[in-house]
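model02.cif, holding mmCIF, C-alpha atoms:
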data_run
#
loop_
_atom_site.label_atom_id
_atom_site.label_comp_id
_atom_site.auth_asym_id
_atom_site.auth_seq_id
_atom_site.Cartn_x
_atom_site.Cartn_y
_atom_site.Cartn_z
CA MET A 1044 72.72 100.46 145.70
CA THR A 1045 73.28 100.81 149.40
CA SER A 1046 70.41 102.84 150.73
CA GLY A 1047 72.45 103.72 153.80
CA ASN A 1048 74.59 105.99 151.63
CA MET A 1049 71.73 108.10 150.47
CA VAL A 1050 71.01 111.43 151.96
CA GLY A 1051 67.62 111.50 153.57
CA PRO A 1052 65.56 114.54 154.32
CA ALA A 1053 67.16 114.88 157.75
CA PRO A 1054 70.78 115.96 158.06
CA GLY A 1055 71.20 113.13 160.54
CA ALA A 1056 70.99 110.67 157.66
CA VAL A 1057 74.11 112.11 156.08
CA ARG A 1058 76.96 109.66 155.84
CA ARG A 1059 80.13 110.91 157.40
CA SER A 1060 83.08 108.85 156.38
CA SER A 1061 84.92 109.61 159.58
CA ALA A 1062 82.12 108.39 161.82
CA GLY A 1063 82.77 104.69 161.40
CA GLY A 1064 86.49 104.77 160.74
CA PRO A 1065 88.26 104.72 157.41
CA GLN A 1066 86.81 101.37 156.33
CA THR A 1067 83.48 103.03 155.71
CA ALA A 1068 84.94 105.43 153.16
CA ASN A 1069 84.47 104.24 149.61
CA LEU A 1070 87.72 102.91 148.14
CA ALA A 1071 87.15 104.74 144.86
CA ASP A 1072 86.74 108.03 146.76
CA ILE A 1073 89.98 107.40 148.64
CA LEU A 1074 91.91 106.35 145.54
CA GLU A 1075 90.90 109.30 143.44
CA ARG A 1076 92.03 111.59 146.23
CA VAL A 1077 95.31 109.97 147.30
CA LEU A 1078 96.40 109.17 143.75
CA ASP A 1079 95.20 112.21 141.89
CA LYS A 1080 95.14 114.91 144.57
CA GLY A 1081 97.24 115.77 147.56
CA LEU A 1082 100.33 117.92 147.42
CA VAL A 1083 103.02 116.65 145.09
CA ILE A 1084 106.54 117.20 146.32
CA ALA A 1085 109.67 115.60 145.00
CA GLY A 1086 110.74 112.86 147.38
CA ASP A 1087 113.74 110.60 146.99
CA ILE A 1088 111.81 108.02 145.02
CA ARG A 1089 110.37 109.29 141.78
CA VAL A 1090 107.28 107.34 140.94
CA ASN A 1091 105.05 109.03 138.46
CA LEU A 1092 101.71 107.60 139.51
CA LEU A 1093 100.29 108.48 136.13
CA ASP A 1094 102.79 106.09 134.51
CA ILE A 1095 101.49 103.20 136.52
CA GLU A 1096 99.62 100.97 134.13
CA LEU A 1097 97.00 100.15 136.71
CA LEU A 1098 96.00 103.75 136.95
CA THR A 1099 95.55 104.22 133.28
CA ILE A 1100 93.69 100.98 132.78
CA LYS A 1101 91.87 99.85 135.90
CA LEU A 1102 91.52 103.13 137.67
CA ARG A 1103 90.18 105.29 134.97
CA LEU A 1104 87.50 105.59 137.25
CA VAL A 1105 87.64 108.51 135.57
CA ILE A 1106 86.45 107.39 132.22
CA ALA A 1107 85.11 110.67 130.97
CA SER A 1108 85.33 114.06 132.57
CA LEU A 1109 82.05 115.66 133.51
CA ASP A 1110 82.49 118.22 130.74
CA THR A 1111 82.89 115.47 128.19
CA ALA A 1112 79.97 113.64 129.69
CA LYS A 1113 77.84 116.75 129.27
CA GLN A 1114 78.85 117.15 125.65
CA VAL A 1115 78.30 113.63 124.46
CA GLY A 1116 75.92 112.16 126.97
CA ILE A 1117 77.33 109.85 129.54
CA ASN A 1118 79.37 107.28 127.71
CA TRP A 1119 81.09 105.54 130.52
CA TRP A 1120 78.38 103.12 131.34
CA GLU A 1121 79.30 100.29 129.04
CA SER A 1122 76.17 98.28 128.57
CA ASP A 1123 73.13 100.36 129.40
CA PRO A 1124 71.56 102.13 126.43
CA TRP A 1125 69.89 104.48 128.87
CA LEU A 1126 73.27 105.95 129.58
CA ASN A 1127 75.47 105.01 126.78
CA ALA A 1128 75.01 106.75 123.47
CA GLN A 1129 77.07 104.07 121.74
CA ALA A 1130 75.08 101.31 123.34
CA ALA A 1131 71.95 103.18 122.31
CA ASP A 1132 73.28 103.28 118.76
CA ARG A 1133 73.96 99.58 118.92
CA ALA A 1134 70.46 99.00 120.24
CA ALA A 1135 69.15 101.09 117.35
CA GLU A 1136 71.20 98.98 114.92
CA ARG A 1137 69.71 95.88 116.42
CA SER A 1138 66.32 97.50 116.02
CA GLY A 1139 67.20 98.06 112.38
CA ASP A 1140 67.93 94.35 112.02
CA ARG A 1141 64.59 93.65 113.64
CA GLU A 1142 62.90 95.98 111.20
CA GLU A 1143 64.31 93.91 108.32
CA LEU A 1144 63.22 90.72 110.01
CA GLU A 1145 59.82 92.20 110.62
CA GLU A 1146 59.51 93.11 106.95
CA GLU A 1147 60.61 89.63 105.88
CA ASN A 1148 58.16 88.12 108.36
CA ARG A 1149 55.37 90.31 106.98
CA GLN A 1150 56.12 89.23 103.40
CA LEU A 1151 56.25 85.57 104.39
CA ARG A 1152 52.91 85.85 106.21
CA SER A 1153 51.24 87.43 103.19
CA ARG A 1154 52.68 84.68 100.96
CA VAL A 1155 51.36 82.05 103.39
CA ARG A 1156 47.95 83.74 103.38
CA ALA A 1157 48.01 83.85 99.56
CA LEU A 1158 48.97 80.18 99.38
CA GLU A 1159 46.29 79.24 101.93
CA ALA A 1160 43.69 81.20 99.99
CA ARG A 1161 44.79 79.50 96.76
CA SER A 1162 44.62 76.03 98.35
CA HIS A 1163 41.11 76.86 99.69
CA ASP A 1164 40.07 77.97 96.20
CA GLY A 1165 41.56 74.84 94.69
CA GLY A 1166 40.12 72.45 97.31
CA MET B 1036 115.12 107.49 162.15
CA ALA B 1037 114.39 105.26 159.20
CA ALA B 1038 115.47 101.69 159.67
CA GLU B 1039 118.51 100.47 157.76
CA GLY B 1040 117.49 99.90 154.14
CA GLY B 1041 114.18 101.59 154.75
CA TRP B 1042 112.37 104.70 153.66
CA VAL B 1043 110.46 107.50 155.33
CA TRP B 1044 106.89 107.71 154.07
CA MET B 1045 105.44 111.21 154.29
CA TYR B 1046 101.70 111.34 154.98
CA GLY B 1047 101.24 115.05 155.25
CA VAL B 1048 102.31 118.31 156.82
CA ALA B 1049 100.60 120.14 159.68
CA GLY B 1050 101.37 123.25 161.63
CA GLY B 1051 104.03 123.26 164.35
CA ASP B 1052 101.45 122.92 167.11
CA LEU B 1053 100.04 119.53 166.09
CA LYS B 1054 98.87 117.55 169.09
CA PRO B 1055 100.46 114.11 169.46
CA PHE B 1056 98.77 110.96 168.18
CA ALA B 1057 96.53 109.39 170.76
CA ASP B 1058 94.27 107.05 168.83
CA GLY B 1059 96.75 104.32 167.94
CA VAL B 1060 96.25 104.52 164.18
CA ALA B 1061 98.24 101.69 162.55
CA GLY B 1062 99.97 103.44 159.67
CA ILE B 1063 101.43 102.01 156.46
CA GLY B 1064 102.77 98.49 156.95
CA GLY B 1065 101.43 98.50 160.53
CA THR B 1066 104.12 100.95 161.70
CA PRO B 1067 102.62 103.76 163.78
CA PRO B 1068 103.19 107.24 162.39
CA ARG B 1069 105.58 109.69 164.04
CA THR B 1070 106.34 113.36 163.53
CA ILE B 1071 109.33 115.40 162.41
CA THR B 1072 109.28 119.09 163.26
CA ALA B 1073 111.22 121.74 161.37
CA ALA B 1074 110.69 125.32 160.17
CA GLY B 1075 107.63 125.63 162.41
CA LEU B 1076 105.94 122.76 160.58
CA THR B 1077 105.22 119.16 161.52
CA ALA B 1078 105.65 116.36 159.00
CA ILE B 1079 103.67 113.22 159.73
CA VAL B 1080 105.81 110.30 158.60
CA GLY B 1081 106.19 106.56 158.96
CA ASP B 1082 109.06 104.11 158.51
CA VAL B 1083 108.67 101.56 155.73
CA GLY B 1084 110.93 98.77 154.53
CA ASN B 1085 112.88 98.68 151.29
CA ARG B 1086 111.55 95.25 150.30
CA GLU B 1087 108.02 96.51 149.92
CA TYR B 1088 108.50 100.23 149.35
CA GLY B 1089 111.79 100.53 147.49
CA GLU B 1090 111.57 102.00 144.00
CA ALA B 1091 111.30 98.69 142.09
CA ALA B 1092 109.00 97.07 144.67
CA LEU B 1093 106.81 100.16 144.73
CA ARG B 1094 106.33 100.12 140.97
CA ARG B 1095 105.34 96.48 141.14
CA ASN B 1096 103.11 96.84 144.19
CA LEU B 1097 101.23 99.85 142.87
CA GLU B 1098 99.98 97.58 140.09
CA ASP B 1099 98.52 95.22 142.67
CA LEU B 1100 95.03 96.45 143.40
CA ASP B 1101 94.85 94.75 146.81
CA TRP B 1102 98.16 96.22 147.90
CA LEU B 1103 97.17 99.60 146.54
CA ALA B 1104 93.82 99.50 148.33
CA ARG B 1105 95.45 98.54 151.64
CA THR B 1106 98.12 101.22 151.30
CA ALA B 1107 95.69 103.92 150.22
CA ARG B 1108 93.41 103.15 153.17
CA ALA B 1109 96.33 103.20 155.61
CA HIS B 1110 97.57 106.52 154.17
CA HIS B 1111 94.07 107.94 154.42
CA ALA B 1112 93.50 106.59 157.95
CA VAL B 1113 96.57 108.42 159.26
CA LEU B 1114 95.59 111.67 157.54
CA GLU B 1115 92.03 111.40 158.82
CA SER B 1116 93.33 110.88 162.33
CA VAL B 1117 95.54 113.97 162.04
CA ALA B 1118 92.76 116.03 160.45
CA ARG B 1119 90.57 115.42 163.50
CA ARG B 1120 93.14 117.35 165.52
CA GLY B 1121 93.89 120.15 163.09
CA SER B 1122 94.55 121.11 159.50
CA VAL B 1123 96.87 118.88 157.54
CA VAL B 1124 98.19 119.14 153.99
CA PRO B 1125 97.92 115.62 152.57
CA MET B 1126 100.75 114.37 150.38
CA ARG B 1127 100.15 112.47 147.19
CA LEU B 1128 100.44 108.71 147.82
CA ALA B 1129 104.00 107.34 147.81
CA THR B 1130 105.98 110.43 148.81
CA LEU B 1131 109.14 108.80 150.16
CA PHE B 1132 112.44 110.05 151.56
CA ALA B 1133 115.68 108.19 152.16
CA SER B 1134 116.06 109.66 155.65
CA ASP B 1135 114.64 112.12 158.19
CA ALA B 1136 117.16 114.67 156.88
CA GLY B 1137 115.36 114.64 153.52
CA VAL B 1138 112.08 115.42 155.27
CA THR B 1139 113.61 118.20 157.35
CA GLY B 1140 115.20 119.70 154.25
CA THR B 1141 111.91 119.62 152.35
CA LEU B 1142 110.02 121.25 155.23
CA ALA B 1143 112.52 124.10 155.19
CA GLU B 1144 112.72 124.45 151.40
CA ARG B 1145 108.98 124.31 150.82
CA ALA B 1146 107.90 126.05 154.04
CA GLY B 1147 106.18 128.84 152.11
CA ASP B 1148 104.14 126.41 150.03
CA PHE B 1149 103.15 124.36 153.07
CA ARG B 1150 102.10 127.46 155.01
CA GLY B 1151 100.14 128.75 152.04
CA ALA B 1152 98.30 125.44 151.71
CA LEU B 1153 97.67 125.28 155.47
CA SER B 1154 96.21 128.76 155.58
CA LEU B 1155 93.86 127.92 152.68
CA ILE B 1156 92.46 124.86 154.47
CA SER B 1157 92.59 126.19 158.02
CA ALA B 1158 89.21 125.80 159.80
CA ARG B 1159 87.81 124.34 156.60
CA SER B 1160 86.98 120.80 155.54
CA GLU B 1161 86.47 118.97 152.32
CA TRP B 1162 83.07 117.42 151.65
CA GLY B 1163 82.28 115.06 148.81
CA VAL B 1164 78.95 115.11 147.00
CA LYS B 1165 77.98 112.59 144.37
CA ALA B 1166 74.76 112.59 142.39
CA TYR B 1167 73.27 109.51 140.82
CA ALA B 1168 70.69 109.68 138.06
CA VAL B 1169 67.54 107.93 139.12
CA LYS B 1170 66.35 105.76 136.28
CA PRO B 1171 62.72 106.59 135.52
CA ALA B 1172 60.07 103.93 135.64
CA ASP B 1173 59.97 102.17 132.29
CA PRO B 1174 56.99 103.64 130.42
CA ALA B 1175 56.53 100.71 128.04
CA GLY B 1176 57.62 97.51 129.65
CA GLU B 1177 60.70 95.44 128.99
CA PRO B 1178 61.83 95.32 125.38
CA GLY B 1179 61.08 92.09 123.61
CA ARG B 1180 58.58 90.88 126.14
CA PRO B 1181 55.68 89.27 124.32
CA GLU B 1182 52.35 90.89 125.06
CA ALA B 1183 49.19 88.94 124.53
CA GLY B 1184 46.39 90.54 122.54
CA ARG B 1185 48.62 92.92 120.65
CA GLU B 1186 49.57 90.60 117.85
CA GLY B 1187 47.77 91.09 114.59
CA PRO B 1188 48.63 91.12 110.94
CA ALA B 1189 49.41 94.86 110.95
CA THR B 1190 51.27 95.09 114.28
CA GLY B 1191 53.31 91.96 114.84
CA PRO B 1192 55.59 91.48 117.81
CA GLY B 1193 58.42 93.17 115.91
CA ALA B 1194 56.47 96.37 115.27
CA ALA B 1195 55.19 96.42 118.82
CA TYR B 1196 58.73 95.96 120.05
CA LEU B 1197 59.85 98.91 117.97
CA GLN B 1198 57.08 101.11 119.30
CA ARG B 1199 57.96 100.24 122.88
CA ARG B 1200 61.64 100.75 122.20
CA ARG B 1201 61.08 104.22 120.72
CA ALA B 1202 58.95 105.29 123.64
CA GLN B 1203 61.60 103.96 125.99
CA LEU B 1204 64.48 105.76 124.34
CA THR B 1205 62.59 109.06 124.23
CA ALA B 1206 61.71 108.85 127.91
CA SER B 1207 65.28 107.83 128.71
CA ASN B 1208 66.80 110.73 126.83
CA ASP B 1209 64.50 113.19 128.58
CA ALA B 1210 65.35 111.75 131.98
CA ARG B 1211 69.06 111.71 131.21
CA ALA B 1212 69.01 115.33 130.09
CA GLU B 1213 67.07 116.32 133.19
CA ALA B 1214 69.45 114.42 135.47
CA LEU B 1215 72.45 116.18 133.93
CA ALA B 1216 70.78 119.57 134.18
CA SER B 1217 69.84 118.87 137.80
CA ALA B 1218 73.43 117.85 138.57
CA GLN B 1219 74.64 121.19 137.23
CA ALA B 1220 72.06 123.03 139.30
CA VAL B 1221 73.08 121.11 142.43
CA HIS B 1222 76.74 121.91 141.82
CA ALA B 1223 75.97 125.61 141.36
CA GLU B 1224 73.83 125.71 144.51
CA LEU B 1225 76.39 123.92 146.69
CA GLY B 1226 79.11 126.17 145.34
CA ARG B 1227 77.38 129.06 147.16
CA PHE B 1228 78.28 127.49 150.51
CA ALA B 1229 81.83 126.57 149.57
CA VAL B 1230 85.09 128.46 149.48
CA SER B 1231 86.20 126.39 146.52
CA SER B 1232 85.12 123.31 144.61
CA ARG B 1233 86.57 120.61 142.38
CA LEU B 1234 84.85 118.38 139.89
CA TYR B 1235 85.97 114.78 139.64
CA PRO B 1236 85.05 112.60 136.70
CA PRO B 1237 82.05 110.39 137.45
CA GLN B 1238 83.11 107.02 138.82
CA ALA B 1239 82.46 103.83 136.94
CA PRO B 1240 79.54 101.97 138.55
CA ASP B 1241 81.63 98.92 139.56
CA LEU B 1242 84.09 100.97 141.54
CA ALA B 1243 81.48 103.13 143.12
CA GLY B 1244 79.46 100.11 144.18
CA GLN B 1245 76.38 101.71 142.71
CA GLN B 1246 74.13 100.39 140.01
CA THR B 1247 72.78 103.79 139.00
CA PRO B 1248 74.85 106.15 136.85
CA MET B 1249 76.81 108.91 138.51
CA VAL B 1250 76.27 112.35 137.02
CA LEU B 1251 78.15 114.47 139.54
CA ASN B 1252 81.27 113.77 141.56
CA ALA B 1253 82.40 116.91 143.31
CA ALA B 1254 84.45 118.05 146.28
CA TYR B 1255 83.72 121.25 148.20
CA LEU B 1256 85.95 123.11 150.60
CA VAL B 1257 83.60 124.39 153.27
CA SER B 1258 84.32 126.57 156.25
CA ASP B 1259 83.71 124.53 159.41
CA GLU B 1260 81.23 127.09 160.67
CA ARG B 1261 79.11 126.58 157.55
CA ALA B 1262 79.33 122.77 157.58
CA ARG B 1263 75.86 122.35 159.07
CA GLU B 1264 74.37 124.72 156.49
CA PHE B 1265 76.13 122.82 153.71
CA THR B 1266 74.94 119.37 154.80
CA ALA B 1267 71.39 120.72 155.21
CA ALA B 1268 71.57 122.11 151.67
CA VAL B 1269 72.54 118.67 150.35
CA ALA B 1270 69.53 117.12 152.08
CA ASP B 1271 67.28 119.88 150.75
CA LEU B 1272 68.54 119.41 147.18
CA THR B 1273 67.88 115.69 147.42
CA ALA B 1274 64.25 116.45 148.11
CA ARG B 1275 64.01 118.97 145.27
CA HIS B 1276 65.46 116.97 142.37
CA ARG B 1277 63.38 113.91 141.53
CA PHE B 1278 65.86 112.51 138.99
CA LEU B 1279 68.82 112.66 141.36
CA GLN B 1280 69.95 110.80 144.42
CA LEU B 1281 72.75 112.51 146.37
CA THR B 1282 75.36 111.10 148.68
CA LEU B 1283 77.49 113.15 151.00
CA THR B 1284 80.87 112.05 152.33
CA GLY B 1285 83.19 113.80 154.71
CA PRO B 1286 84.60 115.70 156.28
CA TRP B 1287 87.73 114.64 154.41
CA PRO B 1288 91.27 115.88 154.88
CA ALA B 1289 91.48 118.59 152.22
CA TYR B 1290 93.07 116.39 149.54
CA SER B 1291 91.39 118.16 146.67
CA PHE B 1292 92.45 121.67 147.65
CA VAL B 1293 96.16 121.52 148.35
CA GLY B 1294 97.66 120.97 144.91
CA GLU B 1295 97.24 124.55 143.73
CA GLY B 1296 100.15 126.07 141.87
CA ASP B 1297 102.34 123.06 142.40
CA ARG B 1298 104.99 122.73 139.72
CA SER B 1299 107.57 120.55 141.36
CA GLY B 1300 106.32 117.11 140.55
CA PRO B 1301 104.56 115.03 137.97
CA ARG B 1302 100.89 115.73 137.60
#
Could you write out this file's structure as structure tokens?
Amino acid sequence: MTSGNMVGPAPGAVRRSSAGGPQTANLADILERVLDKGLVIAGDIRVNLLDIELLTIKLRLVIASLDTAKQVGINWWESDPWLNAQAADRAAERSGDREELEEENRQLRSRVRALEARSHDGG
Amino acid sequence: MAAEGGWVWMYGVAGGDLKPFADGVAGIGGTPPRTITAAGLTAIVGDVGNREYGEAALRRNLEDLDWLARTARAHHAVLESVARRGSVVPMRLATLFASDAGVTGTLAERAGDFRGALSLISARSEWGVKAYAVKPADPAGEPGRPEAGREGPATGPGAAYLQRRRAQLTASNDARAEALASAQAVHAELGRFAVSSRLYPPQAPDLAGQQTPMVLNAAYLVSDERAREFTAAVADLTARHRFLQLTLTGPWPAYSFVGEGDRSGPR
């Protein structure tokens, strides 16, 4: 997280992409605008940007629309259960495995206690 | 004129009274932009070579993220430079003509569309607002971390882990729901200052360079005379929503507000 990008209480803290030249503008912000927006007119080279593999694979930036995100929870964050319902499910599954292990552990401990008690009685 | 075996790259279209370039912006491939005037409109164009920008080369190069990044930044830099002097209708990346005549013809044929787009964005600018969900402080420690003194026959480390995990997930779901609700509220509030707005899908964290999840990615078309009010509102909203962190970018050339009603090209 770059704290310099965050809006502070004073309007002066606002980042203006034009202030420091184009290099300060986030590449993702630029790409989503120049590739997905802007006026489309038919030039002499027909390149359907949406056919470009890169755009469908790497640049689906753009992994879920906000509407979808609202419906299902935000699923585009791959690994963080806090964000990802699927990851949360997987975490829950792992918790389920742990529950089984915990149960097995509990049974083993009680058997050990029983055996210890028996050996005390016997000895 | 385009060089032999070259193409004319169209950056955007401005009104007929566009002031000349003075800031030495480099342009695509390092070739400074120039203008073509027709039908009371000014096209901002640049000359590019066939080897890099011909149809086959373009398809290949667009797959190259470094090339794409360089080209997108150059395209944007020219438009930003023009936008500082007046309204400009940005073209989608890779709008290419075989010659100046193609550009002149398009200005004449599409003059109505260009004028319509220019009047919509005149004396207005695009501002970008993104909201990131602020992850709440973990109420129950890291999962799986052993805690001394809590191990007993009834509550082993596994059971304790499960308790912590449940508390964590509940708190997380609450915070996530609140962050999403706050994002909607922010969008509604900012919409009051804007002529129009567009929602973009949230960006993946890697691309956005942010570790916290994005819950709002919006663009607002704001009248220049309300720009100060708008930016103040963003700062105010940041203070009011504890589960959100907002970033403001802009003013941008009005990329997000010029594609209305277009039916001539691939979407």
| request: Using all atoms listed in the file, find the one residue out of B:Phe1149, B:Tyr1196, B:Tyr1088, B:Phe1132 that sits nearest to chain A. | output: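 Among the listed residues, B:Phe1132 lies closest to chain A.
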| Atomic separation - atom CA of B:Gln1219 relative to atom CA of B:Ala1168, Å |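 Interatomic distance here is 12.2 Å.
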| Given the file above and the PyMOL selection byres ((chain B and resi 1289) around 7), which residues are selected, and can you give them as a ChimeraX atom specification? | /B:1124,1156,1160-1161,1287-1288,1290-1293
| task | Report the residues retrieved by the PyMOL selection byres ((chain B and resi 1151) around 12) from the displayed file, expressed as a ChimeraX atom specification. | result | /A:1082 /B:1048-1050,1076,1123-1124,1145-1150,1152-1157,1292-1297
| request: Kindly indicate which residue among B:Arg1159, B:Arg1069, B:His1222, B:Arg1263 lies nearest to chain A, using only C-alpha atoms for the distances. | output: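 Of B:Arg1159, B:Arg1069, B:His1222, B:Arg1263, the one nearest chain A is B:Arg1263, counting only C-alpha atoms.
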| task | For B:Thr1077, work out the shell of residues within 9 Å, counting only C-alpha atoms and skipping chain neighbours fewer than 4 positions away, then give it as a list of chain:residue names. | result |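 Residues near the query, excluding close chain neighbours: B:Gly1047, B:Val1048, B:Ala1049, B:Gly1050, B:Gly1051, B:Asp1052, B:Leu1053, B:Thr1070, B:Ile1071, B:Thr1072, B:Ala1073, B:Leu1142.
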| task | Grab the atom CA of B:Asn1252 to atom CA of B:Lys1165 distance for me, in Å with one decimal place. | result |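 It comes out at 4.5 Å.
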| query | Could you state the separation of atom CA of B:Gly1285 and atom CA of A:Arg1076 in Å, given to one decimal place? | reply | 12.4 Å
| message | Tell me which residues come within 8 Å of (78.3, 117.7, 149.3), as a VMD selection string, counting only C-alpha atoms in the file's coordinates. | response | chain B and resid 1162 to 1165 1225 1253 to 1255 1265 to 1266 1269 1282 to 1284
Axis-aligned box for stretch 1142-1157 of chain A, 8 Å per side, centre and edges in Å as AutoDock Vina command-line options:
--center_x 56.1 --center_y 89.0 --center_z 105.4 --size_x 32.4 --size_y 29.9 --size_z 27.6
| Quick one: which residues end up in the PyMOL selection byres ((chain B and resi 1139) around 9) for this structure, as a ChimeraX atom specification? | /B:1071-1074,1078,1135-1138,1140-1144
| request: Take the point (115.4, 98.9, 152.3) as written in the file and pick out every residue within 6 Å of it, counting only C-alpha atoms; give the list as JSON, numbers by chain. | output: {"B": [1040, 1041, 1084, 1085, 1086]}
